[in-house]
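As provided, work-v2.txt (compact mmCIF, C-alpha atoms and all ligand atoms) reads as follows.
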```txt
# COMPACT_ATOMS: atom_id res chain seq x y z
CA PRO A 1225 0.00 0.00 0.00
CA THR A 1226 1.26 3.47 -0.75
CA ASP A 1227 -1.22 5.75 0.97
CA ALA A 1228 -0.03 7.97 3.80
CA SER A 1229 -1.64 5.94 6.57
CA THR A 1230 -0.08 2.53 5.83
CA ARG A 1231 3.24 2.86 4.07
CA ARG A 1232 6.60 2.56 5.82
CA GLY A 1233 8.87 5.53 6.25
CA ALA A 1234 11.60 6.30 3.72
CA PHE A 1235 15.23 5.51 4.54
CA ILE A 1236 17.33 8.44 3.32
CA VAL A 1237 21.12 8.54 3.75
CA PHE A 1238 23.63 11.39 3.40
CA GLU A 1239 27.23 10.49 2.61
CA GLY A 1240 30.39 12.34 1.73
CA CYS A 1241 33.77 13.49 2.93
CA ASP A 1242 34.48 15.82 5.83
CA ARG A 1243 32.86 19.29 5.71
CA ALA A 1244 30.79 18.45 2.61
CA GLY A 1245 27.61 19.73 4.28
CA LYS A 1246 25.95 16.40 5.16
CA SER A 1247 24.80 17.39 8.64
CA THR A 1248 23.54 20.77 7.38
CA GLN A 1249 21.44 19.20 4.61
CA ALA A 1250 20.23 16.24 6.67
CA ALA A 1251 18.88 18.62 9.33
CA LYS A 1252 17.24 20.86 6.72
CA LEU A 1253 15.54 17.88 5.06
CA VAL A 1254 14.12 16.63 8.36
CA GLU A 1255 12.80 20.10 9.13
CA TYR A 1256 11.23 20.31 5.66
CA LEU A 1257 9.58 16.89 5.98
CA GLN A 1258 8.20 17.72 9.41
CA LYS A 1259 6.74 21.01 8.21
CA ARG A 1260 5.07 19.85 5.01
CA HIS A 1261 3.77 16.45 6.06
CA LYS A 1262 0.09 15.73 6.44
CA GLN A 1263 0.01 13.84 9.73
CA PRO A 1264 -0.92 10.16 9.15
CA SER A 1265 -3.02 8.35 11.68
CA LEU A 1266 -0.61 6.01 13.49
CA LYS A 1267 -3.48 4.01 14.94
CA SER A 1268 -4.32 2.64 11.49
CA LEU A 1269 -0.75 1.53 10.76
CA GLY A 1270 -0.97 -1.75 12.70
CA VAL A 1271 -3.28 -3.58 10.27
CA GLY A 1272 -1.72 -6.82 9.12
CA VAL A 1273 1.57 -6.34 10.93
CA GLY A 1274 2.77 -8.59 13.76
CA GLU A 1275 3.53 -8.44 17.47
CA THR A 1276 6.83 -6.51 17.28
CA PHE A 1277 5.08 -3.79 15.41
CA THR A 1278 2.30 -3.51 17.98
CA ASN A 1279 4.90 -3.03 20.71
CA ASN A 1280 6.61 -0.35 18.70
CA LEU A 1281 3.34 1.43 18.13
CA LYS A 1282 2.95 1.93 21.88
CA GLU A 1283 6.37 3.59 21.98
CA SER A 1284 5.48 5.69 18.94
CA GLU A 1285 2.45 7.06 20.71
CA THR A 1286 4.73 8.80 23.22
CA MET A 1287 6.68 10.56 20.46
CA THR A 1288 5.97 14.13 19.48
CA ASP A 1289 3.98 14.62 16.28
CA LYS A 1290 7.08 15.90 14.52
CA ALA A 1291 9.15 12.86 15.47
CA LYS A 1292 6.42 10.60 14.07
CA VAL A 1293 6.91 12.16 10.65
CA ALA A 1294 10.70 12.19 10.32
CA GLN A 1295 13.77 11.70 12.49
CA LEU A 1296 17.43 12.49 12.12
CA TRP A 1297 20.02 9.79 12.94
CA LYS A 1298 23.75 9.94 12.78
CA PHE A 1299 26.57 7.41 12.48
CA PRO A 1300 28.74 7.00 14.37
CA ASP A 1301 26.20 7.13 17.19
CA ARG A 1302 28.66 8.22 19.85
CA THR A 1303 26.15 7.80 22.71
CA THR A 1304 26.28 3.98 22.94
CA HIS A 1305 29.00 1.92 24.65
CA ILE A 1306 30.50 1.05 21.26
CA GLY A 1307 30.04 4.66 20.13
CA LYS A 1308 32.06 5.90 23.08
CA MET A 1309 34.98 3.65 22.03
CA ILE A 1310 34.75 5.08 18.51
CA ASP A 1311 34.65 8.62 19.89
CA GLY A 1312 37.85 8.04 21.90
CA TYR A 1313 39.54 6.65 18.81
CA LEU A 1314 38.49 9.57 16.56
CA LYS A 1315 39.62 12.10 19.16
CA ASN A 1316 43.01 10.37 19.35
CA THR A 1317 42.64 9.52 23.02
CA LYS A 1318 42.64 5.80 22.25
CA ASP A 1319 44.64 3.74 19.70
CA LEU A 1320 43.02 0.67 18.20
CA ASP A 1321 43.90 -1.78 15.43
CA ASP A 1322 42.38 -0.68 12.09
CA HIS A 1323 40.37 -3.90 11.77
CA VAL A 1324 38.95 -3.49 15.26
CA VAL A 1325 37.90 0.10 14.53
CA HIS A 1326 36.21 -0.97 11.33
CA LEU A 1327 34.24 -3.65 13.16
CA LEU A 1328 33.26 -1.18 15.89
CA PHE A 1329 31.82 1.25 13.30
CA SER A 1330 29.94 -1.66 11.76
CA ALA A 1331 28.73 -2.95 15.14
CA ASN A 1332 27.55 0.58 15.92
CA ARG A 1333 25.19 0.28 12.93
CA TRP A 1334 24.11 -3.26 13.77
CA GLU A 1335 23.18 -2.31 17.32
CA CYS A 1336 20.68 0.22 15.89
CA MET A 1337 19.14 -2.02 13.21
CA THR A 1338 16.13 -3.29 15.16
CA ALA A 1339 15.24 0.23 16.26
CA ILE A 1340 15.69 1.59 12.73
CA LYS A 1341 13.54 -1.17 11.25
CA ASN A 1342 10.77 -0.56 13.78
CA ILE A 1343 10.81 3.18 13.23
CA LEU A 1344 10.57 2.74 9.45
CA LEU A 1345 7.76 0.19 9.82
CA SER A 1346 5.85 2.59 12.04
CA GLY A 1347 5.72 5.00 9.07
CA THR A 1348 8.44 7.42 10.20
CA THR A 1349 11.00 8.59 7.65
CA LEU A 1350 14.62 8.35 8.77
CA VAL A 1351 17.28 10.72 7.52
CA VAL A 1352 20.67 9.23 8.36
CA ASP A 1353 23.89 11.24 8.44
CA ARG A 1354 26.63 8.77 7.27
CA TYR A 1355 26.12 5.01 6.97
CA ALA A 1356 27.95 1.91 5.75
CA TYR A 1357 29.50 3.67 2.72
CA SER A 1358 31.52 5.80 5.15
CA GLY A 1359 32.48 2.58 6.92
CA VAL A 1360 33.96 1.10 3.76
CA ALA A 1361 35.48 4.30 2.34
CA PHE A 1362 37.44 5.33 5.43
CA SER A 1363 38.66 1.82 6.29
CA ALA A 1364 39.64 0.99 2.70
CA ALA A 1365 41.50 4.33 2.58
CA LYS A 1366 43.79 2.75 5.20
CA ASP A 1367 44.46 -0.02 2.67
CA LEU A 1368 42.32 -2.66 4.35
CA ASP A 1369 40.94 -5.14 1.81
CA ILE A 1370 37.76 -3.59 0.40
CA ASN A 1371 35.80 -6.84 0.29
CA TRP A 1372 36.70 -7.52 3.90
CA CYS A 1373 35.52 -3.99 4.72
CA LYS A 1374 32.18 -4.58 2.99
CA SER A 1375 31.52 -7.95 4.60
CA SER A 1376 30.66 -6.80 8.13
CA ASP A 1377 27.86 -4.57 6.82
CA ILE A 1378 26.20 -7.26 4.68
CA GLY A 1379 22.61 -7.63 5.84
CA LEU A 1380 22.12 -4.09 7.13
CA LEU A 1381 18.98 -2.38 5.85
CA THR A 1382 19.49 -0.85 2.41
CA PRO A 1383 18.67 2.85 2.06
CA ASP A 1384 16.04 3.98 -0.47
CA ILE A 1385 18.32 6.79 -1.59
CA VAL A 1386 21.84 8.03 -0.87
CA PHE A 1387 22.63 11.70 -1.34
CA PHE A 1388 26.39 11.88 -1.88
CA MET A 1389 27.60 15.39 -1.14
CA ASP A 1390 30.60 15.62 -3.41
CA LEU A 1391 33.24 18.19 -2.50
CA GLU A 1392 36.92 18.19 -3.39
CA PRO A 1393 38.84 18.03 -0.09
CA GLU A 1394 40.76 21.15 -1.20
CA GLU A 1395 37.41 23.00 -1.21
CA ALA A 1396 36.37 21.45 2.10
CA VAL A 1397 39.46 22.83 3.82
CA LYS A 1398 38.33 26.35 2.91
CA ARG A 1399 35.24 25.81 5.09
CA GLY A 1400 37.04 26.70 8.28
CA GLY A 1401 39.71 24.02 7.92
CA TYR A 1402 39.71 20.53 9.38
CA GLY A 1403 39.43 19.93 13.09
CA LYS A 1404 41.61 17.77 15.31
CA GLU A 1405 39.95 14.39 14.70
CA ARG A 1406 41.98 11.49 13.37
CA TYR A 1407 40.74 11.43 9.75
CA GLU A 1408 40.64 15.19 9.20
CA LYS A 1409 43.68 15.34 6.90
CA LEU A 1410 43.75 16.36 3.24
CA GLU A 1411 45.52 13.34 1.72
CA PHE A 1412 43.38 10.88 3.65
CA GLN A 1413 40.15 12.66 2.64
CA LYS A 1414 41.23 12.60 -1.02
CA LYS A 1415 41.78 8.86 -0.85
CA ALA A 1416 38.42 8.31 0.86
CA ARG A 1417 36.58 10.41 -1.76
CA LYS A 1418 37.99 8.28 -4.55
CA ILE A 1419 36.81 5.09 -2.85
CA PHE A 1420 33.39 6.62 -2.12
CA LEU A 1421 32.93 7.36 -5.84
CA ASP A 1422 33.84 3.76 -6.70
CA LEU A 1423 31.12 2.56 -4.32
CA LYS A 1424 28.39 4.54 -6.16
CA ASP A 1425 25.37 2.43 -7.07
CA SER A 1426 21.91 3.03 -8.57
CA SER A 1427 20.53 4.41 -5.29
CA TRP A 1428 23.04 7.29 -5.33
CA LYS A 1429 22.38 10.90 -6.27
CA VAL A 1430 25.72 12.70 -6.50
CA LEU A 1431 25.35 16.39 -5.67
CA ASP A 1432 27.85 19.13 -6.40
CA ALA A 1433 28.36 20.27 -2.80
CA ARG A 1434 29.97 23.58 -3.89
CA GLN A 1435 26.49 25.01 -4.44
CA THR A 1436 24.82 27.18 -1.82
CA ILE A 1437 22.95 25.64 1.11
CA PRO A 1438 19.47 26.67 -0.25
CA GLU A 1439 20.32 25.42 -3.78
CA LEU A 1440 21.35 22.03 -2.43
CA HIS A 1441 18.31 21.81 -0.17
CA GLN A 1442 15.98 22.41 -3.11
CA GLN A 1443 17.68 19.74 -5.22
CA ILE A 1444 17.47 17.29 -2.34
CA PHE A 1445 13.76 17.64 -1.55
CA GLU A 1446 12.85 17.73 -5.25
CA THR A 1447 14.82 14.51 -5.85
CA ALA A 1448 13.18 12.89 -2.83
CA GLU A 1449 9.76 13.87 -4.19
CA GLU A 1450 10.56 12.61 -7.70
CA ASN A 1451 11.56 9.28 -6.16
CA ASN A 1452 8.25 9.02 -4.29
CA LEU A 1453 9.99 9.25 -0.92
CA ILE A 1454 7.84 12.11 0.37
CA ILE A 1455 4.13 11.60 0.81
N1 LIG B 1 33.57 7.17 9.92
C1 LIG B 1 34.22 5.97 9.67
O1 LIG B 1 35.44 5.94 9.57
N2 LIG B 1 33.50 4.83 9.54
C2 LIG B 1 32.15 4.81 9.65
O2 LIG B 1 31.53 3.75 9.54
C3 LIG B 1 31.48 6.07 9.88
C4 LIG B 1 32.23 7.23 10.01
C5 LIG B 1 29.98 6.09 10.00
C6 LIG B 1 33.30 11.20 12.13
O3 LIG B 1 32.22 11.53 11.33
C7 LIG B 1 34.30 10.38 11.37
O4 LIG B 1 33.91 9.01 11.35
C8 LIG B 1 34.44 10.75 9.94
C9 LIG B 1 34.23 9.48 9.14
C10 LIG B 1 34.36 8.41 10.14
N3 LIG B 1 35.81 11.21 9.76
N4 LIG B 1 36.07 11.87 8.73
N5 LIG B 1 36.08 12.44 7.82
P1 LIG B 1 31.23 12.71 11.68
O5 LIG B 1 30.04 12.50 10.79
O6 LIG B 1 30.98 12.75 13.14
O7 LIG B 1 32.00 14.04 11.21
P2 LIG B 1 31.45 15.53 11.52
O8 LIG B 1 32.17 16.06 12.65
O9 LIG B 1 29.96 15.58 11.55
O10 LIG B 1 31.90 16.40 10.29
P3 LIG B 1 31.43 16.21 8.83
O11 LIG B 1 30.38 15.18 8.80
O12 LIG B 1 32.60 15.98 8.05
O13 LIG B 1 30.83 17.55 8.29
P4 LIG B 1 29.49 17.65 7.38
O14 LIG B 1 28.36 17.14 8.21
O15 LIG B 1 29.65 17.06 6.07
O16 LIG B 1 29.37 19.19 7.13
P5 LIG B 1 28.51 20.29 7.95
O17 LIG B 1 28.75 20.13 9.41
O18 LIG B 1 27.12 20.31 7.48
O19 LIG B 1 29.21 21.61 7.38
C11 LIG B 1 30.59 21.89 7.60
C12 LIG B 1 30.83 23.41 7.54
O20 LIG B 1 30.57 23.89 6.21
C13 LIG B 1 29.91 24.23 8.46
O21 LIG B 1 30.61 25.34 8.89
C14 LIG B 1 28.78 24.63 7.51
O22 LIG B 1 28.12 25.78 7.93
C15 LIG B 1 29.50 24.82 6.21
N6 LIG B 1 28.67 24.51 5.02
C16 LIG B 1 27.74 23.54 4.90
N7 LIG B 1 27.19 23.56 3.67
C17 LIG B 1 27.81 24.54 2.98
C18 LIG B 1 27.68 25.05 1.66
N8 LIG B 1 26.82 24.52 0.77
N9 LIG B 1 28.49 26.07 1.29
C19 LIG B 1 29.36 26.61 2.16
N10 LIG B 1 29.53 26.19 3.44
C20 LIG B 1 28.76 25.18 3.85
MG MG B 2 28.52 16.02 9.96
```

Kindly return the structure encoded in the file as C-alpha cells.
Ligand code: Z5A
Ligand code: MG
Amino acid sequence: PTDASTRRGAFIVFEGCDRAGKSTQAAKLVEYLQKRHKQPSLKSLGVGVGETFTNNLKESETMTDKAKVAQLWKFPDRTTHIGKMIDGYLKNTKDLDDHVVHLLFSANRWECMTAIKNILLSGTTLVVDRYAYSGVAFSAAKDLDINWCKSSDIGLLTPDIVFFMDLEPEEAVKRGGYGKERYEKLEFQKKARKIFLDLKDSSWKVLDARQTIPELHQQIFETAEENNLII
C-alpha cells in the first residue's frame, strides 16, 4: 500500500567526505519533511503487521507529532558503549587496530538495526547522516581489503536513496579548515573520496556540494519527491 496511513517511512542517507555539508542538509531535510507532512493516523498503521510492530506502536504514541513524521540519525552514534569507544579513537585519546575500529563502526550500525527497522515500519521517515558507505570508504582508505571492509555490513537495511555530497577536499578545507579528529587530513580525505565514488550504485544521487545551502536543499527535496519518498 502506498497511501499515507499505511506505508513505511523512507530511509534516506547522506554520505560524503568531511565538511561536505551532510549534517547541514540532513537537518534541513528533516525540518522540511516535518513542516510539510500531512500527519498520518498512526493508529491505522498496525493492520496486518505482527507483534513486534504492535509493541513499537505503543512507543510511537509517546513521540511528538514531529518525530512521528521524520527523524534524524547519525553514524557513528557516539552515545552507545560502542560509540564511546569510537569517539575516543576519533579524538586520538585511544589507539586501536584498524580492523577493530572498522568492526566497531559496523557494530555501531548493527546495534541500531532493530530500532531503525521498527521506526521505518511505524511510518516514520529516517534521515541518516553517514552510513555503511563511510564505513567502507574510510577503512579501505587505510588499505584494508575492500571486500573484507564490505563484509561486516552485509545484511544491514538498504537505504532507499543516498545523497552523496561531493566536494573536493581542497574545497572542504576552505570551510574553516579541518578539526583535530583522526581522519581530518587532506591526503586521507582525497583517498576516501575516490573510494566513495567507486562505491556509487543506482541508489546514489551525486550532488555538487559547492552550491549554496538553499540550492542544495531544493535539489534534495525535489529529488526525494521525484523518487516518491515524500508523501
Ligand atoms: N567514519 C568511519 O570511519 N567509519 C564509519 O563507519 C562512519 C564514520 C559512519 C566522524 O564523522 C568520522 O567518522 C568521519 C568518518 C568516520 N571522519 N572523517 N572524515 P562525523 O560524521 O561525526 O563528522 P562531523 O564532525 O559531523 O563532520 P562532517 O560530517 O565531516 O561535516 P558535514 O556534516 O559534512 O558538514 P557540515 O557540518 O554540514 O558543514 C561543515 C561546515 O561547512 C559548516 O561550517 C557549515 O556551515 C559549512 N557549510 C555547509 N554547507 C555549505 C555550503 N553549501 N556552502 C558553504 N559552506 C557550507
Ligand atoms: Mg557532519

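Note that the spacing between CA of Thr1348 (chain A) and CA of Thr1304 (chain A) amounts to 22.2 Å.
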
A:Trp1334, A:Trp1297, A:Tyr1313, A:Phe1445 ranked by distance to ligand MG 2 (chain B), top pick (using all atoms listed in the file): A:Trp1297

Taking all atoms listed in the file into account, name the residue in A:Asp1289, A:Asp1384, A:Glu1394, A:Asp1353 that is nearest to ligand MG 2 (chain B). A:Asp1353

Distance query Phe1388 (chain A) at most 9 Å, all atoms listed in the file, self and fewer than 2 positions along chain excluded, as a ChimeraX atom specification: /A:1237-1241,1246,1386,1390,1420-1421,1424,1428-1433

Quick one: residues within 8 Å of ligand MG 2 (chain B), with all atoms listed in the file, as a ChimeraX atom specification? /A:1242-1243,1245-1248,1353-1354

Output file for the residues above (C-alpha atoms, as a short mmCIF file (atom, residue, chain, number, x, y, z; two decimals), in the coordinates of the input):
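See selection-v4.cif below for the written result:
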```
data_model
loop_
_atom_site.label_atom_id
_atom_site.label_comp_id
_atom_site.auth_asym_id
_atom_site.auth_seq_id
_atom_site.Cartn_x
_atom_site.Cartn_y
_atom_site.Cartn_z
CA ASP A 1242 34.48 15.82 5.83
CA ARG A 1243 32.86 19.29 5.71
CA GLY A 1245 27.61 19.73 4.28
CA LYS A 1246 25.95 16.40 5.16
CA SER A 1247 24.80 17.39 8.64
CA THR A 1248 23.54 20.77 7.38
CA ASP A 1353 23.89 11.24 8.44
CA ARG A 1354 26.63 8.77 7.27
#
```

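Atom to atom, CA of Gln1258 (chain A) and atom C6 of ligand LIG 1 (chain B) stand 26.1 Å apart.
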
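Taking all atoms listed in the file into account, the protein, DNA and RNA residues within 7 Å of (36.9, -4.9, 8.5) read His1323, His1326, Leu1327, Trp1372, Cys1373 and Ser1376 of chain A.
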
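Atom pair atom C17 of ligand LIG 1 (chain B) / CA of Leu1314 (chain A) has a distance of 22.9 Å (rounded to one decimal).
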
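Each of A:Asp1369, A:Asp1425, A:Asp1322, A:Glu1335 was compared to ligand LIG 1 (chain B) using all atoms listed in the file, and A:Asp1322 turns out to be the nearest.
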
Check the smallest atom-to-atom distance from each of A:Lys1398, A:Lys1414, A:Arg1302, A:Lys1404 to Cys1336 (chain A) using all atoms listed in the file, then report the winner. A:Arg1302

Give me, as a PDB file with C-alpha atoms, in the frame of the given file, all polymer residues having an atom no more than 10 Å from Val1325 (chain A), counting only C-alpha atoms and skipping those fewer than 4 positions away in the same chain.
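Written out: out.pdb:
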```pdb
ATOM      1  CA  MET A1309      34.980   3.650  22.030  1.00  0.00           C
ATOM      2  CA  ILE A1310      34.750   5.080  18.510  1.00  0.00           C
ATOM      3  CA  TYR A1313      39.540   6.650  18.810  1.00  0.00           C
ATOM      4  CA  LEU A1314      38.490   9.570  16.560  1.00  0.00           C
ATOM      5  CA  ASP A1319      44.640   3.740  19.700  1.00  0.00           C
ATOM      6  CA  LEU A1320      43.020   0.670  18.200  1.00  0.00           C
ATOM      7  CA  ASP A1321      43.900  -1.780  15.430  1.00  0.00           C
ATOM      8  CA  PHE A1329      31.820   1.250  13.300  1.00  0.00           C
ATOM      9  CA  SER A1330      29.940  -1.660  11.760  1.00  0.00           C
ATOM     10  CA  ALA A1331      28.730  -2.950  15.140  1.00  0.00           C
ATOM     11  CA  GLY A1359      32.480   2.580   6.920  1.00  0.00           C
ATOM     12  CA  SER A1363      38.660   1.820   6.290  1.00  0.00           C
TER      13      SER A1363
END
```

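Distances to Tyr1256 (chain A) were evaluated for A:Met1337, A:Ile1444, A:Leu1345, A:Ala1396 using all atoms listed in the file, and the minimum falls at A:Ile1444.
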
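Using all atoms listed in the file for every distance, the candidate list A:Leu1253, A:Leu1350, A:Ile1455, A:Val1360 yields A:Val1360 as the residue closest to ligand LIG 1 (chain B).
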
Which centre and which edge lengths, in Å to one decimal, describe the axis-aligned box that holds all listed atoms of region 1305-1314 of chain A after 8 Å is added on each side, as AutoDock Vina command-line options?
```
--center_x 34.3 --center_y 5.3 --center_z 20.6 --size_x 26.5 --size_y 24.5 --size_z 24.1
```
